[in-house]
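In what follows, a single structure is set out as structure tokens and then discussed.
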Amino acid sequence: MGTNALKRCVPTARTVAYLEKIFPQIPQPYHALVPDHRKSTVPQAVTHVSIYPYREKPFVRIADGVYASCPELCFVQLALVLPLHELLKAGDALCGMFFIDPSSRNGLGSRAPLTSKRRIESFIRRNAGLRGSAAAKSALRFVVDNAASPPEAFLWSVLSIPHRYGGYALPGLEMNRRVRPSKKARKIAKRETLVPDLCHSESRLAIEYDSNAEHLTSLQIAKDSSKRLALEADGYKVISVTTRQLYDRSEMRSVAHEAGARMSRRIQIRAKSFGNAQRKLYATGWSLKAYHRREWLKGEVSEGGLKECVQNSESGLEDCIWDGSAWD
């Protein structure tokens, strides 16, 4: 939709109640775009004026009478208010293959990415005069496509973003890239393709994130073991990173040096700001709980306002909503 979606946009008590019913996961206050300087008449909503002449249709219909910023515009809007590391986390979520689902065993659901770096870049290029576009363009370089979970995206950031932002600046790491194994490896893995969490094809390096939740069943352990053996049969060095290691900056330093050695790339930190920047990166963590209503994350509300019982402590949801500041 174009800017016509904003013509009758005004938050009321009725629209707030409607949003609470159909989107129980969204925390308040709601942020609403309006075409002029009208103020919200309800405390649960905040208004923002939008008069920019967008070069393409920036809004999408998500429910009857409800429109939202398209994912590309959303990233630009977030660039106005979020610090860099938080913006990267939001961008990774928009470009990722996951969504938070408290009712699932590991706290996640799978979906096609809402957008991609390429599509965000195209939107910014066509709307270069939009506030936030410059900051969004600068941060977009350090967003990753196709992460399958928030911890995976965080792992990529720790290893890949520049030293001045707290990462180890290892180049060329691809997220969830399909690898065609040899006949021998296919026989070991019993599948036609392998998808390492992180991969550097040139140096035959694969980095696997072993989440707490995903490794509780014997079936998953056997599946991951055969995947590792198949990659090793094709000459890959496989580095496994557990949740506990990912929490620990000193452990991740060792992982980065091991990966760098495989890539024939010596890690030399020259940025004086590296220590402070990495503390900020870890304080940001991978938690997405600020983007969701607390009661919904706990399973106390669902669509239509119904309560449901979800044992998140056993499901592994803590892996997905971990607050990194607790581990600083």
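Naming works like this for the structure tokens: A, B, ... for the chains as they're shown, residue 1 at the start of each chain, ligands 1 onward in shown order.
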Please return, as a count of residues only, all residues of stretch 163-326 of chain A that DSSP assigns to helix (DSSP H, G or I) on the basis of the backbone. 81
Would you list the contacts of stretch 231-235 of chain A as a VMD selection string, taking every protein, DNA or RNA residue within 12 Å and counting only C-alpha atoms, but skipping same-chain residues closer than 5 positions in sequence? chain A and resid 178 to 189 191 193 to 196 199 201 to 208 224 to 226 262
Would you pick out the contacts of A:Val42 at 7 Å or less, using only C-alpha atoms, so that residues sharing its chain but fewer than 3 positions from it are not included, and give the list as a PyMOL selection string? chain A and resi 12-13+45
Select from stretch 18-153 of chain A everything DSSP, run on the backbone, classes as strand (DSSP E), then give the selection as a ChimeraX atom specification. /A:30-34,45-49,59-63,66-69,98-100,108-110
Write out the residues from the selection above, keeping N, CA and C atoms, as a PDB file, in the first residue's frame.
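Now in selection05.pdb:
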ATOM      1  N   TYR A  30       1.734   1.150  21.466  1.00  0.00           N
ATOM      2  CA  TYR A  30       1.786   0.983  20.025  1.00  0.00           C
ATOM      3  C   TYR A  30       2.287   2.286  19.396  1.00  0.00           C
ATOM      4  N   HIS A  31       3.036   2.169  18.331  1.00  0.00           N
ATOM      5  CA  HIS A  31       3.546   3.338  17.612  1.00  0.00           C
ATOM      6  C   HIS A  31       2.814   3.442  16.283  1.00  0.00           C
ATOM      7  N   ALA A  32       2.087   4.541  16.096  1.00  0.00           N
ATOM      8  CA  ALA A  32       1.240   4.707  14.921  1.00  0.00           C
ATOM      9  C   ALA A  32       1.719   5.872  14.065  1.00  0.00           C
ATOM     10  N   LEU A  33       1.802   5.636  12.755  1.00  0.00           N
ATOM     11  CA  LEU A  33       2.106   6.712  11.817  1.00  0.00           C
ATOM     12  C   LEU A  33       0.820   7.450  11.477  1.00  0.00           C
ATOM     13  N   VAL A  34       0.890   8.786  11.458  1.00  0.00           N
ATOM     14  CA  VAL A  34      -0.269   9.615  11.121  1.00  0.00           C
ATOM     15  C   VAL A  34       0.158  10.642  10.069  1.00  0.00           C
ATOM     16  N   ALA A  45      -0.979   4.339  22.962  1.00  0.00           N
ATOM     17  CA  ALA A  45      -0.474   4.564  21.610  1.00  0.00           C
ATOM     18  C   ALA A  45       0.282   5.885  21.529  1.00  0.00           C
ATOM     19  N   VAL A  46       1.325   5.904  20.703  1.00  0.00           N
ATOM     20  CA  VAL A  46       2.129   7.097  20.440  1.00  0.00           C
ATOM     21  C   VAL A  46       2.081   7.355  18.941  1.00  0.00           C
ATOM     22  N   THR A  47       1.916   8.611  18.553  1.00  0.00           N
ATOM     23  CA  THR A  47       1.830   8.924  17.122  1.00  0.00           C
ATOM     24  C   THR A  47       3.129   9.517  16.598  1.00  0.00           C
ATOM     25  N   HIS A  48       3.398   9.249  15.319  1.00  0.00           N
ATOM     26  CA  HIS A  48       4.557   9.784  14.615  1.00  0.00           C
ATOM     27  C   HIS A  48       4.089  10.288  13.250  1.00  0.00           C
ATOM     28  N   VAL A  49       4.481  11.499  12.899  1.00  0.00           N
ATOM     29  CA  VAL A  49       4.049  12.091  11.636  1.00  0.00           C
ATOM     30  C   VAL A  49       4.846  11.506  10.473  1.00  0.00           C
ATOM     31  N   PHE A  59       3.841   0.354   2.816  1.00  0.00           N
ATOM     32  CA  PHE A  59       3.027  -0.260   3.858  1.00  0.00           C
ATOM     33  C   PHE A  59       2.410  -1.566   3.365  1.00  0.00           C
ATOM     34  N   VAL A  60       2.182  -2.478   4.312  1.00  0.00           N
ATOM     35  CA  VAL A  60       1.587  -3.772   3.983  1.00  0.00           C
ATOM     36  C   VAL A  60       0.361  -3.992   4.858  1.00  0.00           C
ATOM     37  N   ARG A  61      -0.653  -4.600   4.287  1.00  0.00           N
ATOM     38  CA  ARG A  61      -1.871  -4.913   5.034  1.00  0.00           C
ATOM     39  C   ARG A  61      -1.632  -6.212   5.796  1.00  0.00           C
ATOM     40  N   ILE A  62      -1.784  -6.174   7.115  1.00  0.00           N
ATOM     41  CA  ILE A  62      -1.518  -7.362   7.926  1.00  0.00           C
ATOM     42  C   ILE A  62      -2.770  -7.889   8.623  1.00  0.00           C
ATOM     43  N   ALA A  63      -3.847  -7.113   8.593  1.00  0.00           N
ATOM     44  CA  ALA A  63      -5.126  -7.553   9.148  1.00  0.00           C
ATOM     45  C   ALA A  63      -6.192  -6.602   8.635  1.00  0.00           C
ATOM     46  N   VAL A  66      -5.724  -2.934   9.320  1.00  0.00           N
ATOM     47  CA  VAL A  66      -4.434  -2.716   9.991  1.00  0.00           C
ATOM     48  C   VAL A  66      -3.310  -2.776   8.960  1.00  0.00           C
ATOM     49  N   TYR A  67      -2.484  -1.737   8.940  1.00  0.00           N
ATOM     50  CA  TYR A  67      -1.339  -1.670   8.030  1.00  0.00           C
ATOM     51  C   TYR A  67      -0.068  -1.460   8.844  1.00  0.00           C
ATOM     52  N   ALA A  68       1.029  -1.990   8.351  1.00  0.00           N
ATOM     53  CA  ALA A  68       2.312  -1.845   9.036  1.00  0.00           C
ATOM     54  C   ALA A  68       3.362  -1.399   8.042  1.00  0.00           C
ATOM     55  N   SER A  69       4.421  -0.818   8.552  1.00  0.00           N
ATOM     56  CA  SER A  69       5.561  -0.492   7.697  1.00  0.00           C
ATOM     57  C   SER A  69       6.110  -1.781   7.094  1.00  0.00           C
ATOM     58  N   PHE A  98      13.379 -17.231  11.097  1.00  0.00           N
ATOM     59  CA  PHE A  98      12.777 -17.660  12.354  1.00  0.00           C
ATOM     60  C   PHE A  98      11.791 -16.622  12.862  1.00  0.00           C
ATOM     61  N   PHE A  99      10.934 -17.054  13.780  1.00  0.00           N
ATOM     62  CA  PHE A  99      10.131 -16.133  14.574  1.00  0.00           C
ATOM     63  C   PHE A  99       9.969 -16.752  15.954  1.00  0.00           C
ATOM     64  N   ILE A 100       9.717 -15.915  16.950  1.00  0.00           N
ATOM     65  CA  ILE A 100       9.558 -16.394  18.320  1.00  0.00           C
ATOM     66  C   ILE A 100       8.194 -17.051  18.477  1.00  0.00           C
ATOM     67  N   LEU A 108      10.983 -21.436  19.013  1.00  0.00           N
ATOM     68  CA  LEU A 108      11.098 -20.814  17.699  1.00  0.00           C
ATOM     69  C   LEU A 108      10.174 -21.478  16.687  1.00  0.00           C
ATOM     70  N   GLY A 109       9.781 -20.689  15.687  1.00  0.00           N
ATOM     71  CA  GLY A 109       9.142 -21.214  14.495  1.00  0.00           C
ATOM     72  C   GLY A 109       9.978 -20.857  13.286  1.00  0.00           C
ATOM     73  N   SER A 110       9.741 -21.532  12.168  1.00  0.00           N
ATOM     74  CA  SER A 110      10.499 -21.274  10.942  1.00  0.00           C
ATOM     75  C   SER A 110       9.611 -20.582   9.916  1.00  0.00           C
TER      76      SER A 110
END
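The space between atom CA of A:Leu281 and atom CA of A:Arg105 spans 27.6 Å.
Atom pair atom CA of A:Pro171 / atom CA of A:Leu159: separated by 8.7 Å.
Between A:Arg164 and the residues A:Ser240, A:Ser50, A:Ser133, A:Asn276, the shortest atom-to-atom distance, using only C-alpha atoms, involves A:Asn276.
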Can you pull out every residue within 12 Å of A:Ala134, counting only C-alpha atoms, but drop anything in the same chain fewer than 3 positions away, and send it as a count of residues only? 20
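Our summary of the geometry notes that atom CA of A:Asp210 is positioned 24.4 Å from atom CA of A:Pro162.
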Long-range neighbours of A:Ala147 as a CSV table (one decimal) with C-alpha atoms, in the first residue's frame, 9 Å cut-off, only C-alpha atoms, 4 positions minimum in chain:
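Dumped everything to out30.csv:
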chain,number,residue,atom,x,y,z
A,92,ASP,CA,19.1,-10.0,11.5
A,93,ALA,CA,15.6,-10.9,12.8
A,95,CYS,CA,16.3,-11.1,7.4
A,96,GLY,CA,16.2,-14.3,9.4
A,97,MET,CA,14.3,-17.6,8.9
A,98,PHE,CA,12.8,-17.7,12.4
A,113,PRO,CA,12.8,-14.3,5.6
A,151,PRO,CA,21.9,-17.1,18.8
A,152,GLU,CA,23.1,-18.0,15.3
A,153,ALA,CA,22.8,-14.4,14.2
A,156,TRP,CA,27.9,-14.4,13.2
A,175,MET,CA,25.1,-18.2,7.1
A,176,ASN,CA,23.2,-21.5,6.4
A,197,ASP,CA,25.3,-22.8,10.4
Could you name the residues that touch A:Pro71 at 7 Å or less, counting only C-alpha atoms, but leaving out those on the same chain fewer than 3 positions away, as JSON, numbers by chain? {"A": [74, 75, 94, 114, 115]}
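Of the residues listed (A:Pro11, A:Gly285, A:Gly91, A:Gly166), A:Gly91 shows the shortest atom-to-atom separation from A:Lys117; distances use only C-alpha atoms.
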